[in-house]
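Colleague: The structure follows.
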Amino acid sequence: MKKFSFSVFPLLFLLTLPLWRCGREVSKADDRALPIVMDMVFPNPGEEPPITKYTDPAFLKKIGYNGMVPAWHIQCGITYDSFRKEIIPEGSVERRWILHKQRWIRDRLEEAEQAGMPVYAFMDVLVLPEIILTKFHDQIVRDEDAGGSAIGGRLRPDINKPLTEQLLRIQINEIFSTFSELDGLVIRFGETYLFDTPYHAGGSPVGGDEEERIKGHVKLINLLREEVCVKRDKKLFYRTWDFGFFHTRPDIYRKITDQVEPHPALFFSIKYPRGDFQRLLPFNPTLGIGKHRFVVEYQCQPEYYGKGAHPYYVFDGVLNGFEEYSQIMRPGEKQGLSDLTGDPRFAGIWTWSRGGGWRGPYITNEMWCDLNARAALTWAHDTTLSADRVVDTVARILGVNEESLDAFRNLVRLSSKGVVRGHASLIDIPRAHFNVWWIRDQYMSDMHMLNTFFDYLIRENKVEMAIREKQEAVGIWRKMEELAQKIRMDDPENEEYLRVSVTYGRIKYEIIANGFTAVLLGYRGDKTGHYEKKRIRQAIARYDELWKEWRKLRKEHPSCATLYEPNAFHIDQHGVTGDPEHGLEKRISKYRGM
């Protein structure tokens with residue numbers, strides 16, 4: 001980004017400097033604030049981006065962010081003419097697509113430049129034009145590549161091949177020469193989705209056994225560090241996210257990062273849980289170790305827990321630890337951001353204000369995304385704030401009236417308790433092995449992923465305890481409905497949405513409670529030969545009534561988010577769809593007519 005000119009009105013600038021901090025109305029002492037607070041909107045792969053204020057750099061600047069992480073597929077906006085002249089032929093459909101992408105990105109960078117908002121583009125490494133990958137296949141692609149997958153990409157390069165390294169250096173050079181306003185890059189290697197890049201392919205260039213993967217990461221990071229940080233003085237954020245290796249294992253994190261020399265512009269980016277943004281996982285043990293600075297990733301529209309269709313307040317748990325940590329973490333272990341405060345390596349927070357999952361529910365109001373994003377933003381600018389101060393500050397930003405603050409605070413904190421008991425379970429977490437993946441995005445599976453948990457409940461004589469827990473979740477959501485009626489907001493539309501969304505959540509978790517009861521009792525009957533037919537019939541009857549109530553809510557309230565579907569999550573090369581054969585409705589139907 002271009003630097004602010006101190007030659008214009010120097011005296012005025014110096015007089016106003018104490019009040020100026022990332023567009024905030026109230027300044028904070030530097031030692032209370034994190035240096036980096038950036039945001040990303042990540043559209044569902046293969047879909048149009050959501051309409052949201054969080055893609056507006058002027059808005060981000062105004063509320064206090066000092067970086068944006070756009071998922072523009074910036075690696076697809078260059079021609080590779082510096083590699084081979086017209087390797088992407090003039091007039092070809094591929095080149096026309098690339099040049100159109102290039103113009104579009106330049107327009108977005110100009111908007112950010114005008115707003116004074118630094119841009120750190122989200123970039124898949126390593127994605128290249130398919131023309132190049134096909135033409136030089138044996139010199140680029142990993143030997144064991146078998147066509148790839150919807151998650152990992154296809155035609156995956158190998159960082160150990162000389163041409164792969166050459167092309168990555170060319171890619172970095174062309175990106176910064178084509179988009180000179182760019183302030184840095186955010187690197188993703190753990191997942192590669194190609195649904196929006198019809199003429200490009202690729203995937204993680206790091207592979208092999210444990211030793212090969214460690215060496216591959218070291219080589220990749222050092223190459224990027226040299227090209228981005230050393231040669232160009234741009235920021236590099238290297239995400240550790242993968243599936244249980246670099247991201248979650250302190251030993252692997254140290255083995256990789258200890259072989260990389262720190263640089264003021266190099267940061268590692270780490271999700272706060274030891275895994276994906278799920279409950280029942282401990283705080284990530286790779287946070288706060290090693291010799292490098294890091295930022296913490298935090299999802300504000302939780303894909304596994306409603307996606308903003310109903311309240312789910314996350315930041316209290318991220319700050320001070322979730323209630324389940326008493327079972328799954330040891331005293332003395334870091335359990336939240338508050339335990340990282342004061343660590344000079346803790347450089348900032350990266351919020352995902354929107355996105356991170358697949359499909360719906362699709363929302364009409366960003367209130368609950370705002371709650372989570374603004375909470376992190378508020379605390380990042382003053383890390384001495386208590387959890388209560390954070391909630392109250394954000395409530396006022398959202399337009400909650402003063403006399404409603406207590407009710408609002410209670411409602412959003414109850415949402416965390418209602419979600420974990422409704423979606424998951426707090427029963428014997430280390431031993432019961434509850435599979436939190438059984439619901440995700442807009443999909444409800446047939447609970448086959450819960451069979452291990454059901455077996456544990458039956459074996460330990462805790463079936464009734466689990467059913468009571470689901471009913472407790474419903475009771476929490478009913479209490480939230482009562483609180484919602486007491487909350488007054490400045491904007492009548494937001495007040496309406498608050499109430500509708502809470503009822504949406506209550507219906508959802510009551511559907512889960514009754515579906516859970518019917519399937520668990522039916523599963524126990526399958527094992528023992530004895531079925532509690534009356535209870536199963538009652539649970540299914542209530543389950544059916546609730547679906548009708550949910551559809552009615554959606555029909556009568558335009559602000560209501562789209563509904564879930566009782567089908568399983570299915571992903572393939574064509575994208576994500578619902579699978580009725582493995583959905584909740586299919587499993588419920590097994591026990592109908594008893």
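Chain lettering (A, B, ...) mirrors the order of the structure tokens, residue numbering begins at 1 for each chain separately, and ligand numbering begins at 1 in order of display.
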Find the residues of region 490-549 of chain A that sit at most 10 Å from region 355-365 of chain A; for each, write down the nearest two atoms and how far apart they are in Å, to one decimal. Count only C-alpha atoms. Sort by chain, then by number going up, and give it as a tab-separated table.

Modeller:
residue	atom	partner	partner_atom	distance
A:Glu493	CA	A:Asn365	CA	9.1
A:Asn494	CA	A:Asn365	CA	7.7
A:Tyr497	CA	A:Asn365	CA	7.3
A:Leu498	CA	A:Asn365	CA	9.3
A:Ser501	CA	A:Asn365	CA	9.6

Colleague: Region 438-447 of chain A: which residues within 8 Å, counting only C-alpha atoms, same-chain residues fewer than 3 positions away excluded, as a PyMOL selection string?

Modeller: chain A and resi 303-307+357-361+423+435+450-451+519+563-569+578+582-588

Colleague: Kindly indicate which residue among A:Gln102, A:Gln166, A:Thr197, A:Ser425 lies nearest to Phe179 (chain A), using only C-alpha atoms for the distances.

Modeller: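 Under the stated criterion, the closest residue is A:Gln102.
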
Colleague: Run DSSP on the backbone of this structure and report the residues of region 201-322 of chain A it assigns to helix (DSSP H, G or I), as a PyMOL selection string.

Modeller: chain A and resi 210-230+250-257+315-320

Colleague: So, with only C-alpha atoms as the atoms that count, which of A:Glu556, A:Asp388, A:Asp526, A:Glu482 lies closest to Phe454 (chain A)?

Modeller: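 Looking only at the distances to Phe454 (chain A), the closest residue turns out to be A:Asp526.
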
Colleague: Run DSSP on the backbone and tell me which residues of region 241-349 of chain A come out as strand (DSSP E); list them as a ChimeraX atom specification.

Modeller: /A:266-271,294-299,346-349

Colleague: Export, as a PDB file, in the first residue's frame, the selected residues with C-alpha atoms.

Modeller:
ATOM      1  CA  LEU A 266       6.856 -13.802   8.487  1.00  0.00           C
ATOM      2  CA  PHE A 267       3.941 -15.119  10.554  1.00  0.00           C
ATOM      3  CA  PHE A 268       2.439 -18.546  11.101  1.00  0.00           C
ATOM      4  CA  SER A 269      -1.350 -18.716  11.092  1.00  0.00           C
ATOM      5  CA  ILE A 270      -3.018 -21.256  13.396  1.00  0.00           C
ATOM      6  CA  LYS A 271      -6.655 -22.131  14.135  1.00  0.00           C
ATOM      7  CA  PHE A 294       1.792 -16.115  14.891  1.00  0.00           C
ATOM      8  CA  VAL A 295      -1.806 -15.052  14.350  1.00  0.00           C
ATOM      9  CA  VAL A 296      -4.850 -16.976  15.568  1.00  0.00           C
ATOM     10  CA  GLU A 297      -7.639 -17.919  13.159  1.00  0.00           C
ATOM     11  CA  TYR A 298     -11.198 -17.580  14.420  1.00  0.00           C
ATOM     12  CA  GLN A 299     -14.441 -18.375  12.565  1.00  0.00           C
ATOM     13  CA  PHE A 346       1.238 -13.417  19.636  1.00  0.00           C
ATOM     14  CA  ALA A 347       0.892 -10.974  16.748  1.00  0.00           C
ATOM     15  CA  GLY A 348      -2.818 -10.870  16.077  1.00  0.00           C
ATOM     16  CA  ILE A 349      -6.217 -12.309  15.270  1.00  0.00           C
TER      17      ILE A 349
END

Colleague: Here is a test: counting only C-alpha atoms, which residue of A:Ser326, A:Thr393, A:Thr286, A:Asn44 is nearest to Ile256 (chain A)?

Modeller: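 The shortest atom-to-atom distance to Ile256 (chain A) comes from A:Thr286.
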
Colleague: Point out the residue among A:Pro129, A:Gly202, A:Gly152, A:Gly515 with the least atom-to-atom distance to Asp81 (chain A), counting only C-alpha atoms.

Modeller: A:Pro129

Colleague: Would you list the contacts of Lys534 (chain A) as a PyMOL selection string, taking every protein, DNA or RNA residue within 9 Å and counting only C-alpha atoms, but skipping same-chain residues closer than 4 positions in sequence?

Modeller: chain A and resi 538-539+594
